[in-house]
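As provided, input-v8.txt (compact mmCIF, C-alpha atoms) reads as follows.
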# COMPACT_ATOMS: atom_id res chain seq x y z
CA SER A 1 14.56 -9.28 -0.30
CA PRO A 2 12.33 -11.31 2.05
CA ARG A 3 10.24 -9.27 4.42
CA LEU A 4 10.40 -9.87 8.14
CA PRO A 5 7.42 -9.77 10.49
CA GLY A 6 7.34 -6.43 12.28
CA MET A 7 9.71 -4.76 9.80
CA CYS A 8 7.00 -3.10 7.70
CA PRO A 9 7.54 0.46 9.02
CA VAL A 10 11.23 0.45 8.06
CA THR A 11 11.14 -1.47 4.76
CA ARG A 12 10.82 1.75 2.76
CA ALA A 13 11.46 4.73 4.99
CA MET A 14 12.74 8.27 4.86
CA THR A 15 13.06 11.25 7.16
CA LEU A 16 11.67 14.60 6.08
CA PRO A 17 12.29 17.72 8.17
CA GLU A 18 9.36 19.55 9.74
CA SER A 19 8.68 22.38 7.31
CA PRO A 20 5.88 24.47 5.74
CA LEU A 21 6.73 22.58 2.54
CA MET A 22 5.09 19.50 4.07
CA GLY A 23 1.74 21.18 3.47
CA ASN A 24 1.98 20.37 -0.23
CA LEU A 25 3.82 17.09 -0.66
CA THR A 26 3.42 15.39 -4.05
CA ILE A 27 3.07 11.60 -4.09
CA THR A 28 3.29 9.70 -7.39
CA TRP A 29 2.58 6.00 -7.83
CA ALA A 30 1.86 3.41 -10.52
CA VAL A 31 -0.56 0.49 -10.64
CA GLY A 32 0.61 -2.66 -12.42
CA GLY A 33 -0.52 -6.25 -12.78
CA ALA A 34 -3.94 -5.31 -14.15
CA ILE A 35 -5.65 -3.90 -17.23
CA GLY A 36 -8.30 -1.49 -15.99
CA ILE A 37 -7.87 0.61 -12.84
CA ASP A 38 -11.34 1.25 -11.45
CA GLU A 39 -10.22 3.02 -8.28
CA THR A 40 -6.87 4.05 -6.85
CA ALA A 41 -5.96 6.41 -4.04
CA ILE A 42 -3.49 7.06 -1.23
CA MET A 43 -4.14 6.10 2.38
CA TYR A 44 -1.92 7.75 4.97
CA GLY A 45 -1.81 7.93 8.74
CA LYS A 46 0.27 7.45 11.86
CA TRP A 47 1.89 4.06 12.39
CA ASP A 48 0.96 4.40 16.07
CA VAL A 49 -2.70 4.11 15.06
CA LEU A 50 -2.49 1.34 12.44
CA ASP A 51 -2.94 -2.26 13.54
CA LYS A 52 0.37 -3.86 12.56
CA LYS A 53 -1.22 -7.32 12.55
CA ILE A 54 -3.32 -6.15 9.60
CA PHE A 55 -0.83 -3.78 7.97
CA ASP A 56 2.19 -6.09 8.11
CA CYS A 57 3.61 -5.89 4.54
CA ILE A 58 3.34 -9.68 4.30
CA SER A 59 -0.37 -10.33 3.77
CA GLN A 60 -3.10 -8.24 2.18
CA PRO A 61 -5.74 -6.88 4.61
CA THR A 62 -9.15 -8.52 4.16
CA LYS A 63 -12.36 -6.54 3.87
CA ASN A 64 -13.57 -7.82 7.24
CA GLU A 65 -10.31 -6.80 8.91
CA LEU A 66 -10.46 -3.32 7.39
CA ASP A 67 -14.13 -2.81 8.27
CA SER A 68 -13.48 -3.87 11.87
CA PHE A 69 -10.36 -1.71 12.19
CA PHE A 70 -11.96 1.48 10.91
CA THR A 71 -15.16 0.95 12.90
CA ILE A 72 -13.19 0.60 16.14
CA LEU A 73 -10.87 3.49 15.25
CA ARG A 74 -13.68 5.96 14.50
CA ASP A 75 -15.61 4.87 17.60
CA PHE A 76 -12.58 5.55 19.81
CA GLU A 77 -12.01 8.91 18.14
CA ALA A 78 -15.63 9.90 18.70
CA MET A 79 -15.45 8.84 22.36
CA GLU A 80 -12.34 10.97 22.81
CA GLY A 81 -14.14 13.96 21.27
CA LYS A 82 -11.69 14.37 18.42
CA THR A 83 -12.46 16.84 15.66
CA ALA A 84 -12.75 15.88 11.99
CA GLU A 85 -9.28 17.33 11.39
CA GLU A 86 -7.80 15.27 14.21
CA MET A 87 -9.44 12.15 12.80
CA MET A 88 -7.94 12.88 9.38
CA ALA A 89 -4.50 13.21 10.95
CA GLU A 90 -4.71 9.64 12.19
CA VAL A 91 -5.84 7.90 9.00
CA SER A 92 -7.19 9.55 5.86
CA PHE A 93 -7.65 8.95 2.13
CA THR A 94 -7.07 11.07 -0.95
CA THR A 95 -9.57 11.52 -3.78
CA VAL A 96 -10.16 8.37 -5.84
CA GLN A 97 -8.69 8.31 -9.36
CA LYS A 98 -9.03 5.82 -12.22
CA GLY A 99 -7.45 4.91 -15.54
CA PHE A 100 -5.89 2.10 -17.57
CA THR A 101 -2.57 0.32 -17.37
CA ARG A 102 -0.30 0.04 -20.39
CA TRP A 103 -1.79 -3.39 -21.12
CA HIS A 104 -5.23 -1.99 -21.94
CA SER A 105 -6.26 -2.17 -25.61
CA SER A 106 -6.45 1.61 -25.82
CA GLN A 107 -2.76 1.83 -24.90
CA ILE A 108 -1.31 -0.93 -27.09
CA LYS A 109 -3.53 -0.93 -30.20
CA ASN A 110 -0.81 0.68 -32.34
CA ILE A 111 2.14 -1.09 -30.73
CA GLN A 112 4.06 -3.34 -33.10
CA SER A 113 6.44 -4.84 -30.53
CA LEU A 114 6.59 -5.31 -26.77
CA ARG A 115 9.81 -3.31 -26.91
CA ASN A 116 7.70 -0.25 -27.71
CA LEU A 117 5.30 -0.55 -24.80
CA PRO A 118 4.29 2.76 -23.21
CA PRO A 119 5.45 3.45 -19.63
CA GLU A 120 3.39 2.34 -16.65
CA THR A 121 0.39 4.56 -15.96
CA SER A 122 1.17 6.82 -13.02
CA PHE A 123 -1.00 8.87 -10.70
CA SER A 124 -0.17 11.89 -8.55
CA VAL A 125 -1.77 13.68 -5.64
CA ASN A 126 -0.76 16.42 -3.21
CA VAL A 127 -1.15 15.69 0.50
CA ASP A 128 -0.89 17.95 3.53
CA LEU A 129 1.46 16.55 6.16
CA SER A 130 2.00 19.87 7.93
CA ARG A 131 -0.20 18.77 10.85
CA TYR A 132 2.37 16.16 11.89
CA ARG A 133 5.14 16.95 14.36
CA VAL A 134 8.74 15.89 14.96
CA GLY A 135 8.91 12.20 15.75
CA ASP A 136 5.65 11.28 14.04
CA LYS A 137 5.91 8.30 11.67
CA ILE A 138 3.43 8.29 8.80
CA ALA A 139 2.58 5.24 6.71
CA ILE A 140 1.70 5.98 3.09
CA TYR A 141 -0.07 3.25 1.12
CA SER A 142 -1.32 3.25 -2.45
CA LEU A 143 -4.56 1.31 -2.91
CA ALA A 144 -6.19 -0.06 -6.04
CA ARG A 145 -9.33 -1.85 -7.20
CA VAL A 146 -8.91 -3.23 -10.69
CA ASP A 147 -10.54 -5.05 -13.63
CA GLN A 148 -14.10 -4.86 -12.34
CA TYR A 149 -15.40 -4.69 -15.93
CA TRP A 150 -14.97 -8.42 -16.21
CA VAL A 151 -17.78 -8.96 -13.71
CA ASN A 152 -19.79 -5.72 -13.98
CA GLY A 153 -19.48 -4.72 -17.62
CA ILE A 154 -21.81 -7.14 -19.39
CA ALA A 155 -25.37 -7.47 -18.10
CA GLY A 156 -26.59 -11.07 -17.90
CA ALA A 157 -23.18 -12.54 -18.64
CA THR A 158 -22.00 -15.74 -16.98
CA PRO A 159 -20.05 -14.95 -13.76
CA ALA A 160 -16.28 -15.07 -14.04
CA GLN A 161 -14.81 -18.57 -13.96
CA SER A 162 -11.05 -18.13 -14.34
CA ASN A 163 -8.62 -17.86 -11.45
CA PHE A 164 -7.17 -14.74 -13.06
CA VAL A 165 -10.49 -12.89 -12.87
CA ASN A 166 -11.71 -14.25 -9.56
CA ALA A 167 -8.45 -13.40 -7.80
CA ARG A 168 -9.02 -9.67 -8.34
CA THR A 169 -12.81 -9.37 -8.37
CA ASN A 170 -14.33 -11.87 -5.95
CA PRO A 171 -13.49 -11.65 -2.21
CA GLU A 172 -15.57 -14.80 -1.59
CA TRP A 173 -13.46 -16.94 -3.94
CA SER A 174 -10.55 -19.16 -2.90
CA SER A 175 -8.50 -21.83 -4.63
CA SER A 176 -6.08 -24.29 -3.01
CA ASN A 177 -3.24 -26.41 -4.34
CA ARG A 178 -3.47 -29.85 -2.79
CA LYS A 179 0.15 -30.69 -3.58
CA ASP A 180 1.88 -27.91 -1.64
CA GLY A 181 -0.97 -26.52 0.47
CA SER A 182 -0.72 -23.05 -1.04
CA SER A 183 -3.86 -21.04 -1.75
CA ILE A 184 -5.07 -17.95 -3.59
CA ASP A 185 -7.82 -15.83 -2.06
CA GLY A 186 -9.86 -13.47 -4.18
CA ARG A 187 -10.15 -9.83 -3.20
CA LEU A 188 -11.30 -6.42 -4.40
CA ASP A 189 -8.72 -4.04 -2.95
CA PHE A 190 -4.94 -4.26 -3.11
CA PHE A 191 -2.47 -2.46 -0.84
CA SER A 192 1.10 -1.57 -1.76
CA VAL A 193 4.09 -1.97 0.50
CA PRO A 194 4.01 1.38 2.32
CA ILE A 195 6.50 4.19 2.46
CA THR A 196 7.17 5.50 5.96
CA ILE A 197 7.90 9.19 6.43
CA GLU A 198 9.31 10.19 9.79
CA ILE A 199 9.10 13.89 10.61
CA GLY A 200 12.55 15.12 11.60
CA PRO A 201 13.64 18.38 13.22
CA GLN A 202 13.94 21.53 11.17
CA PRO A 203 17.42 21.84 9.63
CA GLY A 204 19.94 24.28 10.98
CA PHE A 205 20.90 27.46 9.16
CA PHE A 206 23.65 25.75 7.13
CA GLU A 207 21.90 22.39 6.72
CA GLU A 208 19.99 21.22 3.66
CA ASN A 209 16.23 20.77 3.74
CA THR A 210 16.35 17.41 1.94
CA PRO A 211 14.90 13.90 2.50
CA VAL A 212 17.12 11.26 4.08
CA GLU A 213 16.46 7.61 3.25
CA VAL A 214 16.58 5.37 6.31
CA SER A 215 15.19 2.15 4.82
CA VAL A 216 16.27 -1.21 6.18
CA ARG A 217 16.63 -3.34 3.06
CA PRO A 218 19.01 -6.25 3.63
CA SER A 219 20.41 -7.65 0.41
CA ASP A 220 19.82 -11.26 -0.49
CA GLU A 221 23.44 -12.04 0.38
CA ALA A 222 23.21 -10.38 3.80
CA PHE A 223 19.89 -11.97 4.73
CA VAL A 224 20.34 -15.09 6.79
CA ILE A 225 17.46 -17.31 7.88
CA ILE A 226 18.04 -19.41 10.94
CA GLU A 227 15.34 -22.05 11.11
CA GLU A 228 15.04 -23.21 14.68
CA GLU A 229 12.02 -25.10 15.83
CA LEU A 230 11.01 -23.17 18.92
CA GLY A 231 7.40 -24.07 19.36
CA GLY A 232 6.82 -23.60 15.64
CA VAL A 233 8.49 -20.19 15.53
CA ILE A 234 11.12 -19.42 12.91
CA THR A 235 13.70 -16.94 14.14
CA TYR A 236 15.49 -14.63 11.75
CA ALA A 237 18.93 -13.07 11.95
CA LEU A 238 20.22 -10.16 9.90
CA ALA A 239 23.88 -10.11 8.97
CA MET A 240 24.56 -6.40 8.65
What is this file in structure tokens?
Amino acid sequence: SPRLPGMCPVTRAMTLPESPLMGNLTITWAVGGAIGIDETAIMYGKWDVLDKKIFDCISQPTKNELDSFFTILRDFEAMEGKTAEEMMAEVSFTTVQKGFTRWHSSQIKNIQSLRNLPPETSFSVNVDLSRYRVGDKIAIYSLARVDQYWVNGIAGATPAQSNFVNARTNPEWSSSNRKDGSSIDGRLDFFSVPITIEIGPQPGFFEENTPVEVSVRPSDEAFVIIEEELGGVITYALAM
């Protein structure tokens, strides 16, 4: 379904009760659309801290935006005298992992048909969310940097020329379509649509300690776009 501005925190959301079990929460993700996965990790932190103009689920954050955001964030934290643990609670990263997707030659060399492709490569990590309290909303992003071999693997080789390579290896590259005005900007790092976890109250004695999905995902049929020219703003209505 189309994504609405400002709806990122509720696109994929669930409530998990405050519990000691939150100290060892397993997150599993897959990386697709590439061949080699040079780096992948999980970024997580409070939505209250993240700049929603950068982390909007519609556009990918640029390197300059990320550098500026984290510089300002850490400076404010230092000024407030926050400890390293408190800084981690706001935004932190898991250990970097790497691997190959199912399209890599090592994965498909003995495949006789696309029907027999192996499953997507998945990664897992355990995170500690026990420091968060009832009412906290945590954004969980998977990040990836892919296919860097095409530009780093062969010494003295001619720099990449194709759109396919430049789009995922060269943040200085851009290509525009004169007919429709669309453009593709190269980049190094890719962010997923996040999952939001809201910390709920501990369950009662007879209640289950289970996740509750609270995502707002309007179906294509229920999504209505009302295009009204109000100073160039398009307003959206949801038919629930």
*Between CA of Ala167 (chain A) and CA of Ile184 (chain A), what is the distance, to one decimal in Å?*
7.1 Å
_If we count all atoms listed in the file and set the cut-off at 7 Å, which residues sit around Thr101 (chain A), ignoring sequence neighbours fewer than 4 positions away in its own chain? Please answer as a list in words._
Gly32, Ala34, Ile35, Gly36, Ile37, Glu120 and Thr121 of chain A
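Between CA of Thr62 (chain A) and CA of Asn166 (chain A) the separation is 15.1 Å.
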_Taking 4 positions as the minimum chain separation for residues in the same chain, which residues sit within 8 Å of Pro118 (chain A) when counting only C-alpha atoms? Answer as a PyMOL selection string._
chain A and resi 102+107-108
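Straight-line separation from CA of Pro203 (chain A) to CA of Cys8 (chain A): 27.1 Å.
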_Need to verify the contact set: Asp56 (chain A), 12 Å, all atoms listed in the file, exclusion of same-chain residues closer than 4 positions in sequence. Can you return it as number ranges by chain?_
A: 3-11, 47, 50-52, 60-61, 139, 141, 191-194
Find the nearest atom pair between each residue of region 43-123 of chain A and region 145-154 of chain A for residues within 10 Å, count all atoms listed in the file, give distances in Å to one decimal, sort rows by chain and ascending number, and present the table as CSV.
residue,atom,partner,partner_atom,distance
A:Lys98,CA,A:Arg145,CA,9.2
A:Gly99,CA,A:Val146,CA,9.6
A:Phe100,CA,A:Val146,CA,9.2
A:Thr101,CA,A:Val146,CA,9.9
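Shortest atom-to-atom contact with His104 (chain A) among A:Ser142, A:Ile195, A:Glu39, A:Gly33: A:Gly33, counting all atoms listed in the file.
Among the candidates A:Val134, A:Leu188, A:Met79, A:Ala144, the residue lying nearest to Pro201 (chain A) is A:Val134 (atoms considered: all atoms listed in the file).
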Can you put all heavy atoms back into region 99-110 of chain A and show it as a compact mmCIF listing (two decimals), keeping the file's coordinate frame?
# COMPACT_ATOMS: atom_id res chain seq x y z
N GLY A 99 -8.15 4.87 -14.26
CA GLY A 99 -7.45 4.91 -15.54
C GLY A 99 -7.22 3.51 -16.08
O GLY A 99 -7.91 2.56 -15.69
N PHE A 100 -6.24 3.39 -16.96
CA PHE A 100 -5.89 2.10 -17.57
C PHE A 100 -4.40 1.88 -17.42
O PHE A 100 -3.61 2.84 -17.42
CB PHE A 100 -6.26 2.06 -19.06
CG PHE A 100 -7.72 2.28 -19.32
CD1 PHE A 100 -8.16 3.47 -19.90
CD2 PHE A 100 -8.65 1.31 -19.01
CE1 PHE A 100 -9.50 3.68 -20.17
CE2 PHE A 100 -10.01 1.51 -19.27
CZ PHE A 100 -10.43 2.69 -19.84
N THR A 101 -3.99 0.61 -17.34
CA THR A 101 -2.57 0.32 -17.37
C THR A 101 -2.11 0.26 -18.83
O THR A 101 -2.92 0.34 -19.76
CB THR A 101 -2.25 -1.03 -16.69
OG1 THR A 101 -2.75 -2.10 -17.51
CG2 THR A 101 -2.88 -1.10 -15.31
N ARG A 102 -0.83 0.08 -19.02
CA ARG A 102 -0.30 0.04 -20.39
C ARG A 102 -0.71 -1.21 -21.15
O ARG A 102 -0.46 -1.30 -22.35
CB ARG A 102 1.22 0.15 -20.35
CG ARG A 102 1.92 -1.00 -19.62
CD ARG A 102 3.42 -0.77 -19.63
NE ARG A 102 4.15 -1.79 -18.89
CZ ARG A 102 5.48 -1.80 -18.79
NH1 ARG A 102 6.19 -0.86 -19.40
NH2 ARG A 102 6.09 -2.73 -18.11
N TRP A 103 -1.35 -2.18 -20.46
CA TRP A 103 -1.79 -3.39 -21.12
C TRP A 103 -3.20 -3.28 -21.67
O TRP A 103 -3.67 -4.20 -22.33
CB TRP A 103 -1.71 -4.57 -20.15
CG TRP A 103 -0.34 -4.77 -19.61
CD1 TRP A 103 0.10 -4.50 -18.34
CD2 TRP A 103 0.81 -5.26 -20.31
NE1 TRP A 103 1.43 -4.78 -18.21
CE2 TRP A 103 1.89 -5.26 -19.40
CE3 TRP A 103 1.03 -5.70 -21.63
CZ2 TRP A 103 3.17 -5.68 -19.77
CZ3 TRP A 103 2.30 -6.12 -21.99
CH2 TRP A 103 3.35 -6.11 -21.07
N HIS A 104 -3.86 -2.18 -21.43
CA HIS A 104 -5.23 -1.99 -21.94
C HIS A 104 -5.18 -1.79 -23.46
O HIS A 104 -4.23 -1.23 -24.00
CB HIS A 104 -5.88 -0.78 -21.27
CG HIS A 104 -7.35 -0.66 -21.54
ND1 HIS A 104 -7.83 0.11 -22.59
CD2 HIS A 104 -8.43 -1.19 -20.93
CE1 HIS A 104 -9.15 0.04 -22.59
NE2 HIS A 104 -9.54 -0.74 -21.60
N SER A 105 -6.23 -2.24 -24.14
CA SER A 105 -6.26 -2.17 -25.61
C SER A 105 -6.09 -0.75 -26.12
O SER A 105 -5.50 -0.54 -27.19
CB SER A 105 -7.57 -2.76 -26.13
OG SER A 105 -8.69 -2.07 -25.60
N SER A 106 -6.57 0.23 -25.37
CA SER A 106 -6.45 1.61 -25.82
C SER A 106 -5.01 2.10 -25.80
O SER A 106 -4.66 3.07 -26.48
CB SER A 106 -7.29 2.53 -24.93
OG SER A 106 -6.82 2.53 -23.58
N GLN A 107 -4.16 1.42 -25.02
CA GLN A 107 -2.76 1.83 -24.90
C GLN A 107 -1.84 1.08 -25.85
O GLN A 107 -0.76 1.59 -26.19
CB GLN A 107 -2.28 1.61 -23.45
CG GLN A 107 -3.17 2.22 -22.39
CD GLN A 107 -3.25 3.72 -22.49
OE1 GLN A 107 -2.23 4.40 -22.56
NE2 GLN A 107 -4.46 4.25 -22.50
N ILE A 108 -2.23 -0.10 -26.30
CA ILE A 108 -1.31 -0.93 -27.09
C ILE A 108 -1.82 -1.21 -28.50
O ILE A 108 -1.20 -1.96 -29.24
CB ILE A 108 -1.02 -2.27 -26.39
CG1 ILE A 108 -2.31 -3.09 -26.23
CG2 ILE A 108 -0.36 -2.03 -25.04
CD1 ILE A 108 -2.08 -4.48 -25.67
N LYS A 109 -2.94 -0.58 -28.91
CA LYS A 109 -3.53 -0.93 -30.20
C LYS A 109 -2.61 -0.63 -31.38
O LYS A 109 -2.71 -1.27 -32.43
CB LYS A 109 -4.86 -0.21 -30.38
CG LYS A 109 -4.77 1.31 -30.32
CD LYS A 109 -6.16 1.93 -30.42
CE LYS A 109 -6.12 3.44 -30.34
NZ LYS A 109 -7.47 4.04 -30.40
N ASN A 110 -1.71 0.34 -31.23
CA ASN A 110 -0.81 0.68 -32.34
C ASN A 110 0.63 0.21 -32.09
O ASN A 110 1.54 0.60 -32.81
CB ASN A 110 -0.82 2.19 -32.57
CG ASN A 110 -2.18 2.69 -33.02
OD1 ASN A 110 -2.85 2.04 -33.82
ND2 ASN A 110 -2.60 3.84 -32.49
